[in-house]
Every structure is written in C-alpha cells, then in structure tokens.
>>> print(open('entry.cif').read())   # mmCIF, C-alpha atoms and all ligand atoms
data_target
loop_
_atom_site.group_PDB
_atom_site.id
_atom_site.type_symbol
_atom_site.label_atom_id
_atom_site.label_comp_id
_atom_site.auth_asym_id
_atom_site.auth_seq_id
_atom_site.Cartn_x
_atom_site.Cartn_y
_atom_site.Cartn_z
ATOM 1 C CA MET A 23 102.360 107.098 98.364
ATOM 2 C CA ARG A 24 106.020 106.711 98.359
ATOM 3 C CA GLN A 25 106.397 104.388 95.456
ATOM 4 C CA ASP A 26 105.005 105.186 92.098
ATOM 5 C CA PRO A 27 103.404 101.901 91.117
ATOM 6 C CA TYR A 28 102.323 103.150 87.755
ATOM 7 C CA GLY A 29 105.624 103.607 86.101
ATOM 8 C CA ARG A 30 106.103 106.438 83.738
ATOM 9 C CA SER A 31 106.117 106.249 80.051
ATOM 10 C CA GLN A 32 107.539 109.001 78.039
ATOM 11 C CA TYR A 33 107.117 109.904 74.495
ATOM 12 C CA GLY A 34 110.304 110.622 72.697
ATOM 13 C CA GLN A 35 110.865 114.056 71.419
ATOM 14 C CA GLY A 36 111.096 112.742 67.917
ATOM 15 C CA GLY A 37 113.784 115.232 67.050
ATOM 16 C CA GLY A 38 113.112 118.677 65.773
ATOM 17 C CA ARG A 39 110.667 118.562 62.920
ATOM 18 C CA ARG A 40 110.933 122.052 61.769
ATOM 19 C CA GLY A 41 110.808 123.608 58.447
ATOM 20 C CA GLY A 42 109.066 126.133 56.307
ATOM 21 C CA GLY A 43 105.500 125.556 55.193
ATOM 22 C CA LEU A 44 104.610 123.891 58.451
ATOM 23 C CA GLY A 45 103.191 127.010 60.056
ATOM 24 C CA ASN A 46 99.521 126.334 59.432
ATOM 25 C CA LEU A 47 99.812 122.615 59.871
ATOM 26 C CA ARG A 48 101.454 123.137 63.224
ATOM 27 C CA TRP A 49 98.548 125.220 64.440
ATOM 28 C CA ILE A 50 95.998 122.747 63.133
ATOM 29 C CA ILE A 51 97.748 119.905 64.931
ATOM 30 C CA LEU A 52 98.021 121.926 68.120
ATOM 31 C CA LEU A 53 94.359 122.874 67.906
ATOM 32 C CA GLY A 54 93.436 119.244 67.311
ATOM 33 C CA PHE A 55 95.329 118.170 70.407
ATOM 34 C CA LEU A 56 93.861 121.029 72.393
ATOM 35 C CA VAL A 57 90.358 119.876 71.512
ATOM 36 C CA TYR A 58 91.313 116.268 72.245
ATOM 37 C CA GLY A 59 92.906 117.215 75.552
ATOM 38 C CA GLY A 60 89.920 119.402 76.439
ATOM 39 C CA CYS A 61 87.459 116.611 75.649
ATOM 40 C CA TYR A 62 89.534 114.138 77.618
ATOM 41 C CA TYR A 63 89.520 116.494 80.576
ATOM 42 C CA LEU A 64 85.796 117.194 80.434
ATOM 43 C CA ASN A 65 84.721 113.599 79.823
ATOM 44 C CA ASN A 66 86.767 112.100 82.604
ATOM 45 C CA ARG A 67 85.757 114.156 85.556
ATOM 46 C CA VAL A 68 83.929 112.844 88.599
ATOM 47 C CA VAL A 69 82.816 114.434 91.839
ATOM 48 C CA ASP A 70 85.089 113.494 94.708
ATOM 49 C CA PRO A 71 82.821 112.690 97.655
ATOM 50 C CA TYR A 72 85.474 113.846 100.124
ATOM 51 C CA THR A 73 85.953 117.322 98.714
ATOM 52 C CA GLY A 74 82.837 117.960 96.641
ATOM 53 C CA GLU A 75 85.194 118.995 93.839
ATOM 54 C CA LYS A 76 85.273 117.644 90.313
ATOM 55 C CA VAL A 77 88.477 115.721 89.770
ATOM 56 C CA LEU A 78 90.073 114.139 86.746
ATOM 57 C CA ILE A 79 89.881 110.338 86.827
ATOM 58 C CA ASP A 80 90.170 108.470 83.549
ATOM 59 C CA ASN A 81 86.958 106.473 82.986
ATOM 60 C CA SER A 82 89.045 103.509 81.950
ATOM 61 C CA ILE A 83 90.803 103.390 85.333
ATOM 62 C CA GLY A 84 88.260 101.578 87.445
ATOM 63 C CA VAL A 85 88.685 100.862 91.131
ATOM 64 C CA GLU A 86 89.465 97.252 90.207
ATOM 65 C CA GLU A 87 92.208 98.215 87.746
ATOM 66 C CA GLU A 88 93.720 100.522 90.290
ATOM 67 C CA LYS A 89 93.588 97.791 92.890
ATOM 68 C CA ALA A 90 95.322 95.329 90.565
ATOM 69 C CA LEU A 91 98.129 97.840 89.961
ATOM 70 C CA GLY A 92 98.388 98.457 93.694
ATOM 71 C CA LEU A 93 98.654 94.744 94.388
ATOM 72 C CA GLN A 94 101.321 94.274 91.741
ATOM 73 C CA ALA A 95 103.346 97.142 93.178
ATOM 74 C CA TYR A 96 102.930 95.771 96.697
ATOM 75 C CA GLU A 97 104.252 92.356 95.741
ATOM 76 C CA GLU A 98 107.248 93.933 94.063
ATOM 77 C CA ILE A 99 107.988 96.126 97.069
ATOM 78 C CA LEU A 100 107.722 93.212 99.507
ATOM 79 C CA GLN A 101 110.143 91.232 97.398
ATOM 80 C CA GLN A 102 112.686 94.037 97.424
ATOM 81 C CA GLU A 103 112.291 95.196 100.998
ATOM 82 C CA GLN A 104 112.145 93.065 104.080
ATOM 83 C CA PRO A 105 108.883 92.815 105.956
ATOM 84 C CA VAL A 106 109.363 91.963 109.627
ATOM 85 C CA ASP A 107 107.796 88.860 111.157
ATOM 86 C CA PRO A 108 104.012 89.442 111.185
ATOM 87 C CA ASN A 109 103.917 87.964 114.686
ATOM 88 C CA SER A 110 106.456 90.387 116.079
ATOM 89 C CA GLN A 111 105.241 92.944 118.582
ATOM 90 C CA ILE A 112 105.741 95.881 116.245
ATOM 91 C CA ALA A 113 103.832 94.213 113.403
ATOM 92 C CA GLN A 114 100.971 93.393 115.758
ATOM 93 C CA GLN A 115 100.812 96.948 117.083
ATOM 94 C CA VAL A 116 100.812 98.448 113.594
ATOM 95 C CA ARG A 117 98.138 95.978 112.468
ATOM 96 C CA SER A 118 95.937 96.902 115.386
ATOM 97 C CA ILE A 119 96.260 100.632 114.574
ATOM 98 C CA ALA A 120 95.400 99.881 110.945
ATOM 99 C CA GLN A 121 92.370 97.835 111.945
ATOM 100 C CA ARG A 122 91.002 100.606 114.132
ATOM 101 C CA LEU A 123 91.393 103.139 111.306
ATOM 102 C CA ILE A 124 89.880 100.837 108.679
ATOM 103 C CA ALA A 125 86.874 100.137 110.898
ATOM 104 C CA LYS A 126 86.026 103.857 110.863
ATOM 105 C CA VAL A 127 86.330 104.375 107.099
ATOM 106 C CA PRO A 128 82.584 103.876 106.342
ATOM 107 C CA GLU A 129 81.421 106.301 109.022
ATOM 108 C CA VAL A 130 84.026 108.942 108.263
ATOM 109 C CA GLU A 131 83.376 108.768 104.525
ATOM 110 C CA ALA A 132 79.621 109.115 105.131
ATOM 111 C CA ALA A 133 80.125 112.039 107.536
ATOM 112 C CA ILE A 134 82.432 113.953 105.186
ATOM 113 C CA ALA A 135 80.170 113.290 102.193
ATOM 114 C CA ALA A 136 77.196 114.599 104.183
ATOM 115 C CA GLU A 137 79.161 117.775 105.012
ATOM 116 C CA LYS A 138 80.029 118.288 101.358
ATOM 117 C CA GLY A 139 76.573 117.320 100.065
ATOM 118 C CA THR A 140 78.023 114.465 98.001
ATOM 119 C CA GLN A 141 77.348 110.740 97.717
ATOM 120 C CA PRO A 142 79.857 108.423 99.416
ATOM 121 C CA ASN A 143 81.418 106.239 96.705
ATOM 122 C CA GLY A 144 82.190 103.260 98.910
ATOM 123 C CA ASN A 145 85.308 102.384 96.922
ATOM 124 C CA TRP A 146 86.800 100.876 100.051
ATOM 125 C CA LYS A 147 84.251 98.058 99.832
ATOM 126 C CA SER A 148 86.404 96.390 97.196
ATOM 127 C CA PHE A 149 89.684 96.927 99.066
ATOM 128 C CA ASP A 150 91.676 93.967 100.357
ATOM 129 C CA TRP A 151 93.342 95.672 103.283
ATOM 130 C CA ASP A 152 96.702 94.417 104.403
ATOM 131 C CA VAL A 153 99.595 95.910 106.337
ATOM 132 C CA ASN A 154 103.239 94.954 106.700
ATOM 133 C CA VAL A 155 106.069 96.516 108.646
ATOM 134 C CA ILE A 156 109.241 96.984 106.626
ATOM 135 C CA GLN A 157 112.686 97.102 108.187
ATOM 136 C CA SER A 158 114.152 100.415 107.079
ATOM 137 C CA ASP A 159 115.667 103.603 108.462
ATOM 138 C CA GLN A 160 113.187 105.712 106.549
ATOM 139 C CA ALA A 161 110.440 107.498 108.484
ATOM 140 C CA ASN A 162 107.858 106.509 105.953
ATOM 141 C CA ALA A 163 104.636 104.657 105.255
ATOM 142 C CA PHE A 164 102.310 104.092 102.325
ATOM 143 C CA CYS A 165 98.903 102.767 101.363
ATOM 144 C CA LEU A 166 98.499 101.671 97.764
ATOM 145 C CA PRO A 167 95.243 101.718 95.798
ATOM 146 C CA GLY A 168 93.252 98.700 96.955
ATOM 147 C CA GLY A 169 94.389 99.022 100.562
ATOM 148 C CA LYS A 170 97.849 97.435 100.728
ATOM 149 C CA MET A 171 99.876 99.264 103.349
ATOM 150 C CA ALA A 172 103.318 99.328 104.843
ATOM 151 C CA VAL A 173 104.934 101.141 107.726
ATOM 152 C CA TYR A 174 108.727 101.503 107.816
ATOM 153 C CA THR A 175 110.397 100.836 111.139
ATOM 154 C CA GLY A 176 112.163 104.201 110.812
ATOM 155 C CA LEU A 177 108.826 105.904 111.387
ATOM 156 C CA ILE A 178 108.427 104.495 114.891
ATOM 157 C CA PRO A 179 111.084 106.550 116.727
ATOM 158 C CA VAL A 180 109.902 109.750 115.004
ATOM 159 C CA ALA A 181 106.230 109.057 115.668
ATOM 160 C CA LYS A 182 106.976 108.097 119.287
ATOM 161 C CA ASN A 183 103.404 106.986 120.073
ATOM 162 C CA ALA A 184 100.459 105.105 118.596
ATOM 163 C CA ASP A 185 98.466 108.309 118.071
ATOM 164 C CA ALA A 186 101.121 109.747 115.773
ATOM 165 C CA VAL A 187 101.510 106.450 113.887
ATOM 166 C CA ALA A 188 97.726 106.536 113.401
ATOM 167 C CA VAL A 189 97.932 110.085 112.020
ATOM 168 C CA VAL A 190 100.497 108.987 109.424
ATOM 169 C CA MET A 191 98.588 105.822 108.514
ATOM 170 C CA GLY A 192 95.331 107.774 108.346
ATOM 171 C CA HIS A 193 97.012 110.133 105.881
ATOM 172 C CA GLU A 194 98.153 107.209 103.736
ATOM 173 C CA ILE A 195 94.762 105.482 103.828
ATOM 174 C CA ALA A 196 93.175 108.792 102.802
ATOM 175 C CA HIS A 197 95.314 108.880 99.632
ATOM 176 C CA ALA A 198 93.868 105.491 98.658
ATOM 177 C CA LEU A 199 90.276 106.449 99.558
ATOM 178 C CA LEU A 200 90.526 109.678 97.589
ATOM 179 C CA ARG A 201 91.881 107.765 94.584
ATOM 180 C CA HIS A 202 94.890 110.011 94.297
ATOM 181 C CA GLY A 203 96.751 107.282 92.394
ATOM 182 C CA ALA A 204 94.096 107.200 89.651
ATOM 183 C CA GLN A 205 94.049 110.990 89.558
ATOM 184 C CA ARG A 206 97.785 111.084 89.097
ATOM 185 C CA MET A 207 97.654 108.525 86.293
ATOM 186 C CA SER A 208 94.972 110.589 84.589
ATOM 187 C CA GLN A 209 97.028 113.753 84.953
ATOM 188 C CA GLN A 210 99.982 111.938 83.425
ATOM 189 C CA LYS A 211 97.831 110.940 80.484
ATOM 190 C CA LEU A 212 96.773 114.545 79.971
ATOM 191 C CA THR A 213 100.416 115.574 80.193
ATOM 192 C CA GLN A 214 101.288 113.000 77.553
ATOM 193 C CA ILE A 215 98.636 114.396 75.242
ATOM 194 C CA GLY A 216 100.362 117.743 75.688
ATOM 195 C CA GLN A 217 103.769 116.200 75.026
ATOM 196 C CA MET A 218 102.537 114.514 71.882
ATOM 197 C CA ALA A 219 101.005 117.759 70.701
ATOM 198 C CA GLY A 220 104.328 119.500 71.230
ATOM 199 C CA ALA A 221 106.325 116.811 69.488
ATOM 200 C CA MET A 222 103.979 116.398 66.534
ATOM 201 C CA SER A 223 103.447 120.061 65.889
ATOM 202 C CA GLY A 224 107.180 120.469 65.506
ATOM 203 C CA MET A 225 107.888 122.508 68.607
ATOM 204 C CA ASP A 226 111.586 122.369 69.211
ATOM 205 C CA PRO A 227 112.762 120.346 72.216
ATOM 206 C CA GLN A 228 113.632 123.447 74.172
ATOM 207 C CA GLN A 229 110.176 124.932 73.736
ATOM 208 C CA GLN A 230 108.648 121.612 74.684
ATOM 209 C CA GLN A 231 110.697 121.506 77.847
ATOM 210 C CA MET A 232 109.565 124.965 78.806
ATOM 211 C CA VAL A 233 105.940 124.016 78.286
ATOM 212 C CA MET A 234 106.415 120.857 80.351
ATOM 213 C CA ALA A 235 108.118 122.796 83.130
ATOM 214 C CA ALA A 236 105.246 125.268 83.175
ATOM 215 C CA MET A 237 102.777 122.386 83.376
ATOM 216 C CA GLY A 238 104.761 120.839 86.190
ATOM 217 C CA TYR A 239 104.793 123.961 88.300
ATOM 218 C CA GLY A 240 101.433 125.325 87.287
ATOM 219 C CA TYR A 241 99.360 122.181 87.164
ATOM 220 C CA LEU A 242 100.925 118.963 88.420
ATOM 221 C CA LEU A 243 102.789 120.164 91.486
ATOM 222 C CA PRO A 244 99.928 122.229 92.980
ATOM 223 C CA TYR A 245 97.699 119.207 92.440
ATOM 224 C CA ALA A 246 100.135 117.038 94.338
ATOM 225 C CA ARG A 247 100.234 119.558 97.193
ATOM 226 C CA GLU A 248 96.463 119.730 97.257
ATOM 227 C CA HIS A 249 96.349 115.947 97.502
ATOM 228 C CA GLU A 250 98.619 116.099 100.518
ATOM 229 C CA THR A 251 96.439 118.687 102.222
ATOM 230 C CA GLN A 252 93.338 116.610 101.515
ATOM 231 C CA ALA A 253 95.004 113.454 102.827
ATOM 232 C CA ASP A 254 96.020 115.333 105.987
ATOM 233 C CA GLU A 255 92.429 116.350 106.637
ATOM 234 C CA VAL A 256 90.705 113.037 105.898
ATOM 235 C CA GLY A 257 93.479 111.135 107.693
ATOM 236 C CA LEU A 258 93.140 113.292 110.781
ATOM 237 C CA MET A 259 89.382 112.680 110.900
ATOM 238 C CA LEU A 260 89.959 108.932 110.564
ATOM 239 C CA ALA A 261 92.482 108.929 113.397
ATOM 240 C CA ALA A 262 90.168 110.983 115.609
ATOM 241 C CA ALA A 263 87.159 108.783 114.826
ATOM 242 C CA ALA A 264 89.244 105.704 115.672
ATOM 243 C CA CYS A 265 89.833 107.162 119.180
ATOM 244 C CA PHE A 266 93.381 108.324 118.592
ATOM 245 C CA ASN A 267 94.427 111.735 119.810
ATOM 246 C CA PRO A 268 94.461 114.068 116.782
ATOM 247 C CA GLU A 269 96.425 116.656 118.765
ATOM 248 C CA GLU A 270 99.488 114.462 118.271
ATOM 249 C CA ALA A 271 99.451 115.468 114.593
ATOM 250 C CA VAL A 272 101.100 118.849 115.144
ATOM 251 C CA PRO A 273 104.115 117.706 117.197
ATOM 252 C CA LEU A 274 104.408 114.715 114.855
ATOM 253 C CA TRP A 275 104.846 116.854 111.737
ATOM 254 C CA GLN A 276 107.235 119.092 113.636
ATOM 255 C CA ARG A 277 109.344 116.055 114.498
ATOM 256 C CA MET A 278 109.045 114.772 110.932
ATOM 257 C CA SER A 279 110.410 117.985 109.477
ATOM 258 C CA GLU A 280 113.209 118.095 112.069
ATOM 259 C CA ALA A 281 114.078 114.450 111.525
ATOM 260 C CA SER A 282 114.155 114.859 107.790
ATOM 261 C CA GLY A 283 116.591 117.765 107.836
ATOM 262 C CA GLY A 284 115.864 118.324 104.179
ATOM 263 C CA GLN A 285 116.292 114.632 103.444
ATOM 264 C CA ALA A 286 112.759 113.441 103.870
ATOM 265 C CA PRO A 287 111.664 110.430 101.857
ATOM 266 C CA PRO A 288 109.675 111.357 98.740
ATOM 267 C CA GLU A 289 106.247 110.907 100.307
ATOM 268 C CA PHE A 290 107.001 113.518 102.921
ATOM 269 C CA SER A 291 109.125 115.993 101.087
ATOM 270 C CA SER A 292 108.873 117.258 97.551
ATOM 271 C CA THR A 293 105.148 117.376 97.081
ATOM 272 C CA HIS A 294 104.294 118.208 100.625
ATOM 273 C CA PRO A 295 103.189 121.588 101.758
ATOM 274 C CA ASN A 296 105.921 123.391 103.637
ATOM 275 C CA PRO A 297 105.926 122.369 107.293
ATOM 276 C CA GLY A 298 104.643 125.752 108.509
ATOM 277 C CA THR A 299 101.613 125.659 106.226
ATOM 278 C CA ARG A 300 100.897 122.062 107.078
ATOM 279 C CA ILE A 301 101.000 122.746 110.816
ATOM 280 C CA GLN A 302 98.770 125.802 110.397
ATOM 281 C CA ASN A 303 96.265 123.726 108.436
ATOM 282 C CA LEU A 304 96.297 120.946 111.002
ATOM 283 C CA THR A 305 95.894 123.383 113.883
ATOM 284 C CA ALA A 306 92.888 124.905 112.127
ATOM 285 C CA LEU A 307 91.389 121.424 111.687
ATOM 286 C CA MET A 308 91.739 120.504 115.358
ATOM 287 C CA PRO A 309 88.233 121.596 116.495
ATOM 288 C CA LYS A 310 86.700 119.520 113.702
ATOM 289 C CA ALA A 311 88.921 116.554 114.575
ATOM 290 C CA MET A 312 87.892 116.808 118.245
ATOM 291 C CA ALA A 313 84.243 116.893 117.161
ATOM 292 C CA TYR A 314 84.809 113.704 115.128
ATOM 293 C CA ARG A 315 86.410 112.111 118.126
ATOM 294 C CA ALA A 316 83.495 113.060 120.370
ATOM 295 C CA LYS A 317 81.002 111.784 117.809
ATOM 296 C CA PHE A 318 82.610 108.537 116.666
ATOM 297 C CA CYS A 319 84.591 107.625 119.748
ATOM 298 C CA PRO A 320 82.109 107.845 122.620
ATOM 299 C CA GLN A 321 84.496 106.199 125.035
ATOM 300 C CA GLY A 322 86.716 109.268 124.706
ATOM 301 C CA ALA A 323 90.323 108.742 125.557
ATOM 302 C CA ALA A 324 90.309 104.988 124.983
ATOM 303 C CA LYS A 325 93.605 103.708 123.765
HETATM 304 ZN ZN ZN A 401 100.898 112.024 101.313
#
>>> encode(input="entry.cif", output="structure tokens")
Amino acid sequence: MRQDPYGRSQYGQGGGRRGGGLGNLRWIILLGFLVYGGCYYLNNRVVDPYTGEKVLIDNSIGVEEEKALGLQAYEEILQQEQPVDPNSQIAQQVRSIAQRLIAKVPEVEAAIAAEKGTQPNGNWKSFDWDVNVIQSDQANAFCLPGGKMAVYTGLIPVAKNADAVAVVMGHEIAHALLRHGAQRMSQQKLTQIGQMAGAMSGMDPQQQQMVMAAMGYGYLLPYAREHETQADEVGLMLAAAACFNPEEAVPLWQRMSEASGGQAPPEFSSTHPNPGTRIQNLTALMPKAMAYRAKFCPQGAAK
C-alpha cells in the first residue's frame, strides 16, 4: 500500500536518564520489557493461510478494525486526490479488471491454502470492495484493508495493457488478503515496546538510535520485502485465475523499474525487492501461474 493509513506514533526519548546506581535497575527494566515483548510476540501469532507461516498479528486488530481504518484512510485520500468520473472509459475498464480479480479470490485462496495445508481464513468475506481511478502522474495503485482500491492514471501508460494492470491490482489485493497492514501495525507495536524499553532503562539516545536502526534493517525491512514477494506471488495467481496473461508480469516490472528511474513511488521502491530479484522470482513462478490459468480459466485466452 502506498499510503500508511495507520499513522505513526512515536514515544519521545525522554532525555537521557543516566546516572550511577541505575545499573541493576536498568537490566531489570530491560528484562521486564524483553519478557513483555516476547509474550506479546508469542501470544499474537497466527498461521497465514497463504504462506503456512506464523505471522505476528495483534489479537486486538480484528478484520473489522482493520477495515474501518482502511475506510477512513480511503475517504481521506479521495478528498485529497481527484478520482476521475466513475462513468469514464478508464474507470469502467479498471472496475472490470478489479471485478474479475475479486471474483477469483475465493478459489485462489482455497487453492493456495490447500497447497500449504492451511485453512482459508475467508477474511475477504467482510470486505466492501470498491475501486476508483485517481488522476495523477504516479505509476501507482493500492488496495487498503477492507478492499478499497485505487489505480493512478500514471500507471496506465507504463502498464500498457489490461493484463499488466491486472498484475499490479492483483499484487495490491494480495496485500489486503494477506493482512499486511495488520502485520505492519503489530510490528510497529513491538518496535514501540522496544523503544519504551530503551527509553525507560536509560539508554542514551544514540544507543537507542542504533538499536532502532538495527531493528529496521534486521527485522522490519526484510519483513516488508517478504510482504512484497508474497504479494507478487498471490497477485500473479489471482491475475492468472482471472484469465489475464501472467507472462505480462515480467515486462511490466521491467518497464516499472525503467519508468521509475530511481524515483518510484513508495509502494514500488523502498521496500521492494530489487528489480532483478523480483523478475527472477516472477519468472520462476510462471509455470505455477500458467497452471492456475489452465485450472481456473478454462476458456484460456479470454480477454
Ligand atoms: Zn506491494
């Protein structure tokens, strides 16, 4: 997702609380937070039906809460940016691509869950899907938790065809299905526990920053990259199942990285795997995508 609908709260550093005699207390506080953080981590893990992996999702962030946040963010975005006329040709085309992808969500989720030996979670059942086209030069798109989507007009010339638009939208829908928003919020909470531990135990601001930087590179960023790789895979299967040509994914991402010239919008730059890795991954997924197309799109090359 391009926008971060969850905001970010940050605990102040509280100034350096250093001094003699705090040595033991500091360790006790750190240990306390470590136990708290560990318990939080262990008690808030669920099996992701799409990967079979245990992921961190705060128990208090239900699908409904996530959806409400998504809706709030969507309304704010649509107030700031300009959606094109829903009856325009472009809006109709994008809506039809979205509808084809959405129609295949139940089957694709069930098929992937069966492969991974997991139970489909059916979160999409509570989604209120909607899609708008936003007038903008950015080659971008997003799908918020709860199913609210947008495609930026700047994506169209880079995508060039409906298959490539479907690959991008499939990727965005996959983020919502995989609850990456809730996972990110939960990771932020864990990070905040770490920040509080640092601040309260009297670590000096510089030490705290080093710890946070290590967490960013060692924990948060790889997670974000993994989310992108997962969204690429699930999105590709959705596009294939909805009768789009998954082979368009490779030239699409090549064009995306050329078009961006190092200035890609956030969704497609910082957290994304480098273009070479992404294209390798997608190429490796092609036989599976073609199998999904053969299975879920019996009419073959229907457009
Ligand atoms: Zn993404």
>>> resolve_selection(input="entry.cif", expression="the PyMOL selection byres (((chain A and resi 212) around 12) and not hetatm)", output="NGL selection string")
:A and (55-64 or 66 or 78-80 or 205-211 or 213-219 or 234 or 237-238 or 241-242)
>>> closest_residue(input="entry.cif", among="A:Arg300, A:Lys89, A:Lys317, A:Lys310", to="ligand ZN 401 (chain A)", atoms="all atoms listed in the file")
A:Arg300
>>> resolve_selection(input="entry.cif", expression="the PyMOL selection byres (((chain A and resi 269) around 10) and not hetatm)", output="tab-separated table (two decimals) with C-alpha atoms, keeping the file's coordinate frame")
chain	number	residue	atom	x	y	z
A	185	ASP	CA	98.47	108.31	118.07
A	186	ALA	CA	101.12	109.75	115.77
A	189	VAL	CA	97.93	110.08	112.02
A	258	LEU	CA	93.14	113.29	110.78
A	262	ALA	CA	90.17	110.98	115.61
A	266	PHE	CA	93.38	108.32	118.59
A	267	ASN	CA	94.43	111.74	119.81
A	268	PRO	CA	94.46	114.07	116.78
A	270	GLU	CA	99.49	114.46	118.27
A	271	ALA	CA	99.45	115.47	114.59
A	272	VAL	CA	101.10	118.85	115.14
A	273	PRO	CA	104.12	117.71	117.20
A	274	LEU	CA	104.41	114.72	114.86
A	304	LEU	CA	96.30	120.95	111.00
A	305	THR	CA	95.89	123.38	113.88
A	307	LEU	CA	91.39	121.42	111.69
A	308	MET	CA	91.74	120.50	115.36
A	309	PRO	CA	88.23	121.60	116.50
A	311	ALA	CA	88.92	116.55	114.58
A	312	MET	CA	87.89	116.81	118.24
>>> resolve_selection(input="entry.cif", expression="the PyMOL selection byres (((chain A and resi 117) around 12) and not hetatm)", output="MDAnalysis selection string")
chainID A and resid 108:116 118:124 151:155 170:173 184 187:188 191
>>> residues_around(input="entry.cif", residues="Tyr174 in chain A", least_positions_apart="5", cutoff="6 Å", atoms="only C-alpha atoms", output="number ranges by chain")
A: 155-158, 162-163
>>> residues_around(input="entry.cif", residues="Arg48 in chain A", least_positions_apart="5", cutoff="9 Å", atoms="only C-alpha atoms", output="list in words")
Leu53, Met222, Ser223, Gly224 and Met225 of chain A
>>> closest_residue(input="entry.cif", among="A:Cys319, A:Val256, A:Leu91, A:Leu243", to="Val190 in chain A", atoms="all atoms listed in the file")
A:Val256
>>> atom_distance(input="entry.cif", atom1="CA of Val233 in chain A", atom2="CA of Pro297 in chain A")
29.1 Å
>>> atom_distance(input="entry.cif", atom1="CA of Leu199 in chain A", atom2="CA of Asn145 in chain A")
6.9 Å
>>> closest_residue(input="entry.cif", among="A:Ala246, A:Arg315, A:Pro320, A:Thr299", to="ligand ZN 401 (chain A)", atoms="all atoms listed in the file")
A:Ala246
